[in-house]
Amino acid sequence: MYANNLEMPVTLYRSTDDDAPALTKSNLSLILKACLVTGYGSKPGAGWTMPHEDAAAGKRVFAPAKSGELDSYLRVADQSGVSRVAAYRQMSDIDNGEAILELATPYKHGQGNQWSGRWAVVASARSVIVWVEGGYDSPGRNGMMLYYGDTTSTDNGSRALILAHSGGTYNDGSHSSMFFDANSSASAKAKSYRDDGGTQAQDFFSLFTPPRETAGQYLAPVLLQRGDRLYAVPGVHTNTRAADNLTVIDDEGAAYIILHSYGWSDIDKSFARLAVRTDHWRY
């Protein structure tokens, strides 16, 4: 399935770790700095750099490790309860550069019902998943998710760059799954970028269609289709196991953590009950 078959180690960071920084509604970029760049406690950073920082304004720019492919930068600007995220190809300073991906709505990680402040970050040197627990629909089965970085190649070895989050235009904590567009008022489409195709909205799909929960567990990768090519989202799988947030799964030696990604009661739960691999991702 994987054209390059490259495995890259990842690190799981959690709010319950020793010396982990506490998330407020205005410091998401500071959490990312601790996870991606500096590390904390006994956990090292994920190997990213931070070329620009304005701590007073709550703005930081992060760069994944260079790969020799299309490198990029993630700009995170914190506000009260939300963060505006955008991907840049080049940046001359913290506010200026060649923007290539920016979603219509900010990442709403600190708004709405039953906000607990619990968070998790899973990161390799080339991509990152950010998750913050919510409580709009089902306590323990809800969360806001952000993904940025390279895809896996399942076709000819080329990759796409993804910027996606759970979206939402309301201020009550309702939003969609990061990978499923149930309602245009509650979600924001993902986009990808490649040199030969530019920028466009992306639909995602998996091997599961109707929502279902069973006593067992089944993992299937989340894919995006771009023309005749398929790309897999590293580390992210749909999952049939009924489990609360932050449940750890051992699947014959492969380590996963459950990070639900929805806050909208009508969405297809097969795109919300996500299992994220926490030992390595394949690119």
# chains A, B, ... in the order shown; residues from 1 in each chain; ligands from 1
>>> select_by_dssp(residues="stretch 106-246 of chain A", states="strand (DSSP E)", output="JSON, numbers by chain")
{"A": [119, 120, 121, 122, 123, 127, 128, 129, 130, 131, 132, 133, 143, 144, 145, 146, 147, 148, 149, 150, 152, 153, 161, 162, 163, 164, 165, 190, 191, 192, 193, 194, 198, 199, 200, 201, 202, 204, 205, 219, 220, 221, 222, 223, 224, 225, 226, 229, 230, 231, 232, 233, 234, 235, 236, 237, 238, 239]}
>>> residues_around(residues="A:Ile129", least_positions_apart="3", cutoff="8 Å", atoms="only C-alpha atoms", output="list in words")
Val121, Val122, Ala123, Met145, Leu146, Tyr147 and Tyr148 of chain A
>>> write_last_selection(atoms="all heavy atoms", output="mmCIF file, in the first residue's frame")
data_model
loop_
_atom_site.group_PDB
_atom_site.id
_atom_site.type_symbol
_atom_site.label_atom_id
_atom_site.label_comp_id
_atom_site.auth_asym_id
_atom_site.auth_seq_id
_atom_site.Cartn_x
_atom_site.Cartn_y
_atom_site.Cartn_z
ATOM 1 N N VAL A 121 -0.826 15.561 21.994
ATOM 2 C CA VAL A 121 -0.126 15.865 20.741
ATOM 3 C C VAL A 121 0.651 14.614 20.362
ATOM 4 O O VAL A 121 1.336 14.026 21.197
ATOM 5 C CB VAL A 121 0.830 17.065 20.894
ATOM 6 C CG1 VAL A 121 1.698 17.233 19.647
ATOM 7 C CG2 VAL A 121 0.049 18.351 21.168
ATOM 8 N N VAL A 122 0.525 14.203 19.109
ATOM 9 C CA VAL A 122 1.325 13.104 18.580
ATOM 10 C C VAL A 122 2.085 13.663 17.381
ATOM 11 O O VAL A 122 1.483 14.233 16.476
ATOM 12 C CB VAL A 122 0.461 11.902 18.158
ATOM 13 C CG1 VAL A 122 1.348 10.696 17.855
ATOM 14 C CG2 VAL A 122 -0.568 11.558 19.225
ATOM 15 N N ALA A 123 3.412 13.503 17.386
ATOM 16 C CA ALA A 123 4.211 14.178 16.361
ATOM 17 C C ALA A 123 5.380 13.326 15.916
ATOM 18 O O ALA A 123 6.026 12.646 16.723
ATOM 19 C CB ALA A 123 4.721 15.517 16.884
ATOM 20 N N MET A 145 -9.698 18.380 16.800
ATOM 21 C CA MET A 145 -8.442 17.864 16.285
ATOM 22 C C MET A 145 -7.893 18.757 15.169
ATOM 23 O O MET A 145 -8.648 19.358 14.404
ATOM 24 C CB MET A 145 -8.630 16.440 15.761
ATOM 25 C CG MET A 145 -7.332 15.726 15.401
ATOM 26 S SD MET A 145 -7.586 13.987 14.929
ATOM 27 C CE MET A 145 -7.770 13.240 16.552
ATOM 28 N N LEU A 146 -6.570 18.818 15.110
ATOM 29 C CA LEU A 146 -5.843 19.563 14.085
ATOM 30 C C LEU A 146 -4.751 18.658 13.541
ATOM 31 O O LEU A 146 -4.052 17.985 14.302
ATOM 32 C CB LEU A 146 -5.219 20.824 14.698
ATOM 33 C CG LEU A 146 -4.146 21.569 13.894
ATOM 34 C CD1 LEU A 146 -4.761 22.253 12.682
ATOM 35 C CD2 LEU A 146 -3.436 22.598 14.780
ATOM 36 N N TYR A 147 -4.610 18.605 12.206
ATOM 37 C CA TYR A 147 -3.529 17.847 11.576
ATOM 38 C C TYR A 147 -2.776 18.753 10.622
ATOM 39 O O TYR A 147 -3.367 19.495 9.845
ATOM 40 C CB TYR A 147 -4.062 16.639 10.793
ATOM 41 C CG TYR A 147 -2.946 15.837 10.149
ATOM 42 C CD1 TYR A 147 -2.373 14.766 10.819
ATOM 43 C CD2 TYR A 147 -2.437 16.184 8.903
ATOM 44 C CE1 TYR A 147 -1.325 14.050 10.258
ATOM 45 C CE2 TYR A 147 -1.390 15.482 8.337
ATOM 46 C CZ TYR A 147 -0.841 14.416 9.018
ATOM 47 O OH TYR A 147 0.204 13.719 8.463
ATOM 48 N N TYR A 148 -1.456 18.647 10.667
ATOM 49 C CA TYR A 148 -0.619 19.395 9.724
ATOM 50 C C TYR A 148 0.584 18.537 9.364
ATOM 51 O O TYR A 148 1.242 17.955 10.237
ATOM 52 C CB TYR A 148 -0.137 20.703 10.350
ATOM 53 C CG TYR A 148 0.956 21.388 9.553
ATOM 54 C CD1 TYR A 148 0.668 22.048 8.366
ATOM 55 C CD2 TYR A 148 2.279 21.347 9.975
ATOM 56 C CE1 TYR A 148 1.659 22.665 7.629
ATOM 57 C CE2 TYR A 148 3.280 21.961 9.235
ATOM 58 C CZ TYR A 148 2.963 22.608 8.068
ATOM 59 O OH TYR A 148 3.954 23.208 7.330
#
>>> closest_atom_pairs(of="stretch 95-124 of chain A", to="stretch 27-49 of chain A", cutoff="12 Å", atoms="only C-alpha atoms", output="Markdown table")
| residue | atom | partner | partner_atom | distance |
| --- | --- | --- | --- | --- |
| A:Tyr107 | CA | A:Leu28 | CA | 10.0 |
| A:Lys108 | CA | A:Leu28 | CA | 10.5 |
| A:His109 | CA | A:Leu28 | CA | 8.3 |
| A:Gly110 | CA | A:Leu28 | CA | 9.3 |
| A:Gly117 | CA | A:Leu28 | CA | 10.7 |
| A:Arg118 | CA | A:Ile31 | CA | 11.7 |
| A:Trp119 | CA | A:Ile31 | CA | 9.3 |
| A:Ala120 | CA | A:Ile31 | CA | 9.7 |
| A:Val121 | CA | A:Cys35 | CA | 7.2 |
| A:Val122 | CA | A:Cys35 | CA | 8.6 |
| A:Ala123 | CA | A:Ala46 | CA | 6.2 |
| A:Ser124 | CA | A:Ala46 | CA | 5.9 |
>>> write_last_selection(atoms="N, CA, C and O atoms", output="PDB file, in the first residue's frame")
ATOM      1  N   TYR A 107      -9.086  27.214  14.355  1.00  0.00           N
ATOM      2  CA  TYR A 107      -9.160  25.987  15.137  1.00  0.00           C
ATOM      3  C   TYR A 107      -9.741  26.342  16.499  1.00  0.00           C
ATOM      4  O   TYR A 107      -9.098  26.998  17.305  1.00  0.00           O
ATOM      5  N   LYS A 108     -10.971  25.880  16.768  1.00  0.00           N
ATOM      6  CA  LYS A 108     -11.697  26.279  17.979  1.00  0.00           C
ATOM      7  C   LYS A 108     -11.479  25.243  19.077  1.00  0.00           C
ATOM      8  O   LYS A 108     -12.322  24.383  19.338  1.00  0.00           O
ATOM      9  N   HIS A 109     -10.343  25.342  19.736  1.00  0.00           N
ATOM     10  CA  HIS A 109      -9.954  24.351  20.731  1.00  0.00           C
ATOM     11  C   HIS A 109     -10.379  24.711  22.141  1.00  0.00           C
ATOM     12  O   HIS A 109     -10.268  23.870  23.044  1.00  0.00           O
ATOM     13  N   GLY A 110     -10.868  25.912  22.363  1.00  0.00           N
ATOM     14  CA  GLY A 110     -11.173  26.346  23.732  1.00  0.00           C
ATOM     15  C   GLY A 110     -12.501  27.027  23.860  1.00  0.00           C
ATOM     16  O   GLY A 110     -12.660  27.938  24.661  1.00  0.00           O
ATOM     17  N   GLY A 117      -9.639  21.099  29.200  1.00  0.00           N
ATOM     18  CA  GLY A 117      -8.229  21.436  29.141  1.00  0.00           C
ATOM     19  C   GLY A 117      -7.320  20.241  28.931  1.00  0.00           C
ATOM     20  O   GLY A 117      -6.109  20.397  28.832  1.00  0.00           O
ATOM     21  N   ARG A 118      -7.892  19.029  28.852  1.00  0.00           N
ATOM     22  CA  ARG A 118      -7.058  17.858  28.555  1.00  0.00           C
ATOM     23  C   ARG A 118      -6.643  17.890  27.091  1.00  0.00           C
ATOM     24  O   ARG A 118      -7.442  18.198  26.206  1.00  0.00           O
ATOM     25  N   TRP A 119      -5.379  17.569  26.830  1.00  0.00           N
ATOM     26  CA  TRP A 119      -4.878  17.633  25.466  1.00  0.00           C
ATOM     27  C   TRP A 119      -3.909  16.486  25.197  1.00  0.00           C
ATOM     28  O   TRP A 119      -3.391  15.850  26.126  1.00  0.00           O
ATOM     29  N   ALA A 120      -3.693  16.228  23.916  1.00  0.00           N
ATOM     30  CA  ALA A 120      -2.685  15.269  23.471  1.00  0.00           C
ATOM     31  C   ALA A 120      -2.099  15.783  22.170  1.00  0.00           C
ATOM     32  O   ALA A 120      -2.794  16.391  21.343  1.00  0.00           O
ATOM     33  N   VAL A 121      -0.826  15.561  21.994  1.00  0.00           N
ATOM     34  CA  VAL A 121      -0.126  15.865  20.741  1.00  0.00           C
ATOM     35  C   VAL A 121       0.651  14.614  20.362  1.00  0.00           C
ATOM     36  O   VAL A 121       1.336  14.026  21.197  1.00  0.00           O
ATOM     37  N   VAL A 122       0.525  14.203  19.109  1.00  0.00           N
ATOM     38  CA  VAL A 122       1.325  13.104  18.580  1.00  0.00           C
ATOM     39  C   VAL A 122       2.085  13.663  17.381  1.00  0.00           C
ATOM     40  O   VAL A 122       1.483  14.233  16.476  1.00  0.00           O
ATOM     41  N   ALA A 123       3.412  13.503  17.386  1.00  0.00           N
ATOM     42  CA  ALA A 123       4.211  14.178  16.361  1.00  0.00           C
ATOM     43  C   ALA A 123       5.380  13.326  15.916  1.00  0.00           C
ATOM     44  O   ALA A 123       6.026  12.646  16.723  1.00  0.00           O
ATOM     45  N   SER A 124       5.641  13.378  14.629  1.00  0.00           N
ATOM     46  CA  SER A 124       6.897  12.907  14.056  1.00  0.00           C
ATOM     47  C   SER A 124       7.694  14.140  13.664  1.00  0.00           C
ATOM     48  O   SER A 124       7.291  15.269  13.926  1.00  0.00           O
TER      49      SER A 124
END
>>> select_by_dssp(residues="stretch 31-254 of chain A", states="helix (DSSP H, G or I)", output="mmCIF file with all heavy atoms, in the first residue's frame")
data_model
loop_
_atom_site.group_PDB
_atom_site.id
_atom_site.type_symbol
_atom_site.label_atom_id
_atom_site.label_comp_id
_atom_site.auth_asym_id
_atom_site.auth_seq_id
_atom_site.Cartn_x
_atom_site.Cartn_y
_atom_site.Cartn_z
ATOM 1 N N ILE A 31 1.952 25.235 23.856
ATOM 2 C CA ILE A 31 1.929 23.779 23.979
ATOM 3 C C ILE A 31 2.689 23.158 22.820
ATOM 4 O O ILE A 31 3.501 22.234 22.997
ATOM 5 C CB ILE A 31 0.480 23.264 24.000
ATOM 6 C CG1 ILE A 31 -0.306 23.880 25.161
ATOM 7 C CG2 ILE A 31 0.449 21.747 24.043
ATOM 8 C CD1 ILE A 31 0.182 23.496 26.528
ATOM 9 N N LEU A 32 2.466 23.669 21.615
ATOM 10 C CA LEU A 32 3.171 23.140 20.448
ATOM 11 C C LEU A 32 4.672 23.387 20.539
ATOM 12 O O LEU A 32 5.473 22.531 20.143
ATOM 13 C CB LEU A 32 2.602 23.764 19.174
ATOM 14 C CG LEU A 32 1.262 23.195 18.717
ATOM 15 C CD1 LEU A 32 0.719 24.006 17.558
ATOM 16 C CD2 LEU A 32 1.399 21.737 18.328
ATOM 17 N N LYS A 33 5.059 24.538 21.046
ATOM 18 C CA LYS A 33 6.486 24.808 21.234
ATOM 19 C C LYS A 33 7.107 23.757 22.150
ATOM 20 O O LYS A 33 8.200 23.230 21.865
ATOM 21 C CB LYS A 33 6.679 26.212 21.811
ATOM 22 C CG LYS A 33 8.130 26.551 22.111
ATOM 23 C CD LYS A 33 8.238 27.952 22.736
ATOM 24 C CE LYS A 33 9.691 28.290 23.112
ATOM 25 N NZ LYS A 33 9.793 29.647 23.717
ATOM 26 N N ALA A 34 6.435 23.441 23.250
ATOM 27 C CA ALA A 34 6.964 22.471 24.196
ATOM 28 C C ALA A 34 7.057 21.079 23.579
ATOM 29 O O ALA A 34 8.010 20.335 23.830
ATOM 30 C CB ALA A 34 6.086 22.441 25.445
ATOM 31 N N CYS A 35 6.080 20.703 22.769
ATOM 32 C CA CYS A 35 6.059 19.358 22.186
ATOM 33 C C CYS A 35 6.969 19.238 20.969
ATOM 34 O O CYS A 35 7.721 18.267 20.838
ATOM 35 C CB CYS A 35 4.635 18.980 21.802
ATOM 36 S SG CYS A 35 3.466 18.914 23.177
ATOM 37 N N LEU A 36 6.910 20.206 20.088
ATOM 38 C CA LEU A 36 7.619 20.087 18.815
ATOM 39 C C LEU A 36 9.079 20.505 18.904
ATOM 40 O O LEU A 36 9.928 19.973 18.178
ATOM 41 C CB LEU A 36 6.919 20.935 17.749
ATOM 42 C CG LEU A 36 5.482 20.557 17.409
ATOM 43 C CD1 LEU A 36 4.925 21.516 16.366
ATOM 44 C CD2 LEU A 36 5.386 19.113 16.937
ATOM 45 N N VAL A 37 9.395 21.457 19.781
ATOM 46 C CA VAL A 37 10.716 22.088 19.742
ATOM 47 C C VAL A 37 11.536 21.806 20.999
ATOM 48 O O VAL A 37 12.601 21.171 20.933
ATOM 49 C CB VAL A 37 10.583 23.613 19.527
ATOM 50 C CG1 VAL A 37 11.967 24.249 19.399
ATOM 51 C CG2 VAL A 37 9.740 23.914 18.283
ATOM 52 N N THR A 38 11.082 22.257 22.138
ATOM 53 C CA THR A 38 11.931 22.241 23.335
ATOM 54 C C THR A 38 11.853 20.945 24.128
ATOM 55 O O THR A 38 12.804 20.562 24.814
ATOM 56 C CB THR A 38 11.558 23.401 24.277
ATOM 57 O OG1 THR A 38 10.213 23.221 24.741
ATOM 58 C CG2 THR A 38 11.675 24.734 23.549
#
>>> residues_around(residues="A:Asn156", least_positions_apart="3", cutoff="9 Å", atoms="only C-alpha atoms", output="JSON, numbers by chain")
{"A": [3, 4, 153, 159, 229]}
>>> write_last_selection(atoms="N, CA, C and O atoms", output="mmCIF file, in the first residue's frame")
data_model
loop_
_atom_site.group_PDB
_atom_site.id
_atom_site.type_symbol
_atom_site.label_atom_id
_atom_site.label_comp_id
_atom_site.auth_asym_id
_atom_site.auth_seq_id
_atom_site.Cartn_x
_atom_site.Cartn_y
_atom_site.Cartn_z
ATOM 1 N N ALA A 3 4.029 3.428 -1.047
ATOM 2 C CA ALA A 3 5.014 3.447 -2.119
ATOM 3 C C ALA A 3 6.432 3.585 -1.586
ATOM 4 O O ALA A 3 7.364 2.963 -2.091
ATOM 5 N N ASN A 4 6.623 4.418 -0.555
ATOM 6 C CA ASN A 4 7.971 4.657 -0.035
ATOM 7 C C ASN A 4 8.334 3.710 1.109
ATOM 8 O O ASN A 4 9.503 3.433 1.339
ATOM 9 N N SER A 153 2.491 8.301 0.804
ATOM 10 C CA SER A 153 2.235 8.065 -0.609
ATOM 11 C C SER A 153 1.807 6.623 -0.815
ATOM 12 O O SER A 153 2.467 5.696 -0.353
ATOM 13 N N ARG A 159 4.017 13.073 -2.356
ATOM 14 C CA ARG A 159 3.201 13.274 -1.173
ATOM 15 C C ARG A 159 2.413 14.580 -1.287
ATOM 16 O O ARG A 159 2.768 15.453 -2.070
ATOM 17 N N ARG A 229 -4.720 9.629 -7.713
ATOM 18 C CA ARG A 229 -3.778 9.247 -6.671
ATOM 19 C C ARG A 229 -4.464 9.142 -5.313
ATOM 20 O O ARG A 229 -5.391 9.877 -5.024
#
>>> closest_residue(among="A:Arg273, A:Lys59, A:His280, A:Arg241", to="A:Asp93", atoms="only C-alpha atoms")
A:Lys59
>>> residues_around(residues="A:Val233", least_positions_apart="6", cutoff="8 Å", atoms="only C-alpha atoms", output="compact mmCIF listing (two decimals) with all heavy atoms, in the first residue's frame")
# COMPACT_ATOMS: atom_id res chain seq x y z
N ASP A 150 2.94 16.10 6.19
CA ASP A 150 2.98 15.24 5.01
C ASP A 150 1.98 14.10 5.10
O ASP A 150 1.69 13.60 6.17
CB ASP A 150 4.38 14.63 4.85
CG ASP A 150 5.40 15.61 4.33
OD1 ASP A 150 4.99 16.63 3.75
OD2 ASP A 150 6.60 15.34 4.48
N THR A 151 1.53 13.65 3.93
CA THR A 151 0.80 12.41 3.83
C THR A 151 1.77 11.27 3.53
O THR A 151 2.94 11.47 3.21
CB THR A 151 -0.22 12.44 2.69
OG1 THR A 151 0.46 12.59 1.45
CG2 THR A 151 -1.23 13.55 2.88
N THR A 152 1.21 10.08 3.60
CA THR A 152 1.87 8.90 3.06
C THR A 152 1.58 8.84 1.57
O THR A 152 0.53 9.27 1.12
CB THR A 152 1.29 7.65 3.75
OG1 THR A 152 1.77 7.61 5.08
CG2 THR A 152 1.70 6.38 3.05
N PRO A 221 -7.03 2.75 7.63
CA PRO A 221 -6.42 4.06 7.43
C PRO A 221 -7.39 5.06 6.83
O PRO A 221 -8.33 4.70 6.12
CB PRO A 221 -5.27 3.77 6.46
CG PRO A 221 -5.68 2.53 5.75
CD PRO A 221 -6.46 1.72 6.75
N VAL A 222 -7.18 6.33 7.13
CA VAL A 222 -7.93 7.42 6.51
C VAL A 222 -7.17 7.85 5.27
O VAL A 222 -5.97 8.11 5.32
CB VAL A 222 -8.11 8.60 7.48
CG1 VAL A 222 -8.77 9.78 6.78
CG2 VAL A 222 -8.94 8.17 8.68
N LEU A 223 -7.87 7.94 4.14
CA LEU A 223 -7.25 8.26 2.86
C LEU A 223 -7.85 9.52 2.28
O LEU A 223 -8.99 9.88 2.56
CB LEU A 223 -7.46 7.11 1.86
CG LEU A 223 -7.05 5.71 2.30
CD1 LEU A 223 -7.51 4.69 1.27
CD2 LEU A 223 -5.55 5.62 2.50
N LEU A 224 -7.08 10.20 1.43
CA LEU A 224 -7.65 11.25 0.59
C LEU A 224 -7.32 10.90 -0.85
O LEU A 224 -6.32 10.27 -1.16
CB LEU A 224 -7.13 12.64 0.96
CG LEU A 224 -5.67 13.04 0.70
CD1 LEU A 224 -5.49 13.57 -0.72
CD2 LEU A 224 -5.26 14.13 1.69
>>> closest_residue(among="A:Lys25, A:Lys66, A:Arg75, A:Arg282", to="A:Leu101", atoms="only C-alpha atoms")
A:Arg75
>>> residues_around(residues="A:His52", least_positions_apart="2", cutoff="6 Å", atoms="only C-alpha atoms", output="list of chain:residue names")
A:Met50, A:Arg60, A:Val61, A:Ile94
>>> write_last_selection(atoms="N, CA and C atoms", output="JSON list (two decimals), in the first residue's frame")
[["chain", "number", "residue", "atom", "x", "y", "z"],
["A", 50, "MET", "N", 11.64, 26.45, 15.43],
["A", 50, "MET", "CA", 10.70, 27.56, 15.55],
["A", 50, "MET", "C", 11.40, 28.82, 15.06],
["A", 60, "ARG", "N", 3.46, 32.01, 16.86],
["A", 60, "ARG", "CA", 4.68, 31.23, 16.68],
["A", 60, "ARG", "C", 4.63, 30.51, 15.34],
["A", 61, "VAL", "N", 5.81, 30.35, 14.73],
["A", 61, "VAL", "CA", 5.94, 29.65, 13.45],
["A", 61, "VAL", "C", 6.81, 28.43, 13.66],
["A", 94, "ILE", "N", 7.38, 36.79, 10.86],
["A", 94, "ILE", "CA", 6.31, 36.04, 11.51],
["A", 94, "ILE", "C", 4.93, 36.29, 10.90]]
>>> atom_distance(atom1="atom CA of A:Gly263", atom2="atom CA of A:Thr240")
17.9 Å
>>> closest_residue(among="A:Thr238, A:Gln79, A:Asp71, A:Gly253", to="A:Thr24", atoms="only C-alpha atoms")
A:Gln79
>>> atom_distance(atom1="atom CA of A:Asn171", atom2="atom CA of A:Leu103")
16.9 Å
>>> atom_distance(atom1="atom CA of A:Thr247", atom2="atom CA of A:Ala232")
23.2 Å
>>> decode(residues="stretch 23-46 of chain A", atoms="N, CA and C atoms", output="PDB file, in the first residue's frame")
ATOM      1  N   LEU A  23      -2.702  23.737  29.366  1.00  0.00           N
ATOM      2  CA  LEU A  23      -3.358  24.443  28.273  1.00  0.00           C
ATOM      3  C   LEU A  23      -4.370  25.432  28.819  1.00  0.00           C
ATOM      4  N   THR A  24      -4.262  26.670  28.379  1.00  0.00           N
ATOM      5  CA  THR A  24      -5.304  27.655  28.624  1.00  0.00           C
ATOM      6  C   THR A  24      -6.041  27.865  27.312  1.00  0.00           C
ATOM      7  N   LYS A  25      -6.977  28.784  27.298  1.00  0.00           N
ATOM      8  CA  LYS A  25      -7.705  29.045  26.056  1.00  0.00           C
ATOM      9  C   LYS A  25      -6.957  30.002  25.137  1.00  0.00           C
ATOM     10  N   SER A  26      -5.720  30.367  25.535  1.00  0.00           N
ATOM     11  CA  SER A  26      -4.972  31.331  24.722  1.00  0.00           C
ATOM     12  C   SER A  26      -3.506  30.963  24.539  1.00  0.00           C
ATOM     13  N   ASN A  27      -3.146  29.700  24.754  1.00  0.00           N
ATOM     14  CA  ASN A  27      -1.713  29.371  24.643  1.00  0.00           C
ATOM     15  C   ASN A  27      -1.437  28.078  23.878  1.00  0.00           C
ATOM     16  N   LEU A  28      -2.270  27.757  22.888  1.00  0.00           N
ATOM     17  CA  LEU A  28      -2.043  26.529  22.126  1.00  0.00           C
ATOM     18  C   LEU A  28      -0.657  26.507  21.506  1.00  0.00           C
ATOM     19  N   SER A  29      -0.187  27.619  20.968  1.00  0.00           N
ATOM     20  CA  SER A  29       1.124  27.636  20.317  1.00  0.00           C
ATOM     21  C   SER A  29       2.243  27.377  21.318  1.00  0.00           C
ATOM     22  N   LEU A  30       2.031  27.715  22.588  1.00  0.00           N
ATOM     23  CA  LEU A  30       3.026  27.425  23.613  1.00  0.00           C
ATOM     24  C   LEU A  30       3.091  25.917  23.883  1.00  0.00           C
ATOM     25  N   ILE A  31       1.952  25.235  23.856  1.00  0.00           N
ATOM     26  CA  ILE A  31       1.929  23.779  23.979  1.00  0.00           C
ATOM     27  C   ILE A  31       2.689  23.158  22.820  1.00  0.00           C
ATOM     28  N   LEU A  32       2.466  23.669  21.615  1.00  0.00           N
ATOM     29  CA  LEU A  32       3.171  23.140  20.448  1.00  0.00           C
ATOM     30  C   LEU A  32       4.672  23.387  20.539  1.00  0.00           C
ATOM     31  N   LYS A  33       5.059  24.538  21.046  1.00  0.00           N
ATOM     32  CA  LYS A  33       6.486  24.808  21.234  1.00  0.00           C
ATOM     33  C   LYS A  33       7.107  23.757  22.150  1.00  0.00           C
ATOM     34  N   ALA A  34       6.435  23.441  23.250  1.00  0.00           N
ATOM     35  CA  ALA A  34       6.964  22.471  24.196  1.00  0.00           C
ATOM     36  C   ALA A  34       7.057  21.079  23.579  1.00  0.00           C
ATOM     37  N   CYS A  35       6.080  20.703  22.769  1.00  0.00           N
ATOM     38  CA  CYS A  35       6.059  19.358  22.186  1.00  0.00           C
ATOM     39  C   CYS A  35       6.969  19.238  20.969  1.00  0.00           C
ATOM     40  N   LEU A  36       6.910  20.206  20.088  1.00  0.00           N
ATOM     41  CA  LEU A  36       7.619  20.087  18.815  1.00  0.00           C
ATOM     42  C   LEU A  36       9.079  20.505  18.904  1.00  0.00           C
ATOM     43  N   VAL A  37       9.395  21.457  19.781  1.00  0.00           N
ATOM     44  CA  VAL A  37      10.716  22.088  19.742  1.00  0.00           C
ATOM     45  C   VAL A  37      11.536  21.806  20.999  1.00  0.00           C
ATOM     46  N   THR A  38      11.082  22.257  22.138  1.00  0.00           N
ATOM     47  CA  THR A  38      11.931  22.241  23.335  1.00  0.00           C
ATOM     48  C   THR A  38      11.853  20.945  24.128  1.00  0.00           C
ATOM     49  N   GLY A  39      10.697  20.255  24.065  1.00  0.00           N
ATOM     50  CA  GLY A  39      10.464  19.132  24.948  1.00  0.00           C
ATOM     51  C   GLY A  39      10.134  19.614  26.354  1.00  0.00           C
ATOM     52  N   TYR A  40       9.777  18.678  27.227  1.00  0.00           N
ATOM     53  CA  TYR A  40       9.512  18.994  28.639  1.00  0.00           C
ATOM     54  C   TYR A  40       9.718  17.715  29.449  1.00  0.00           C
ATOM     55  N   GLY A  41      10.081  17.892  30.713  1.00  0.00           N
ATOM     56  CA  GLY A  41      10.319  16.736  31.562  1.00  0.00           C
ATOM     57  C   GLY A  41      11.316  15.786  30.925  1.00  0.00           C
ATOM     58  N   SER A  42      10.952  14.512  30.839  1.00  0.00           N
ATOM     59  CA  SER A  42      11.824  13.508  30.231  1.00  0.00           C
ATOM     60  C   SER A  42      11.566  13.322  28.743  1.00  0.00           C
ATOM     61  N   LYS A  43      10.622  14.074  28.177  1.00  0.00           N
ATOM     62  CA  LYS A  43      10.273  13.905  26.769  1.00  0.00           C
ATOM     63  C   LYS A  43      10.972  14.953  25.914  1.00  0.00           C
ATOM     64  N   PRO A  44      11.740  14.522  24.916  1.00  0.00           N
ATOM     65  CA  PRO A  44      12.373  15.492  24.015  1.00  0.00           C
ATOM     66  C   PRO A  44      11.365  16.058  23.028  1.00  0.00           C
ATOM     67  N   GLY A  45      11.732  17.155  22.385  1.00  0.00           N
ATOM     68  CA  GLY A  45      10.905  17.688  21.315  1.00  0.00           C
ATOM     69  C   GLY A  45      10.916  16.757  20.116  1.00  0.00           C
ATOM     70  N   ALA A  46       9.994  16.991  19.194  1.00  0.00           N
ATOM     71  CA  ALA A  46       9.815  16.093  18.047  1.00  0.00           C
ATOM     72  C   ALA A  46      10.774  16.378  16.903  1.00  0.00           C
TER      73      ALA A  46
END
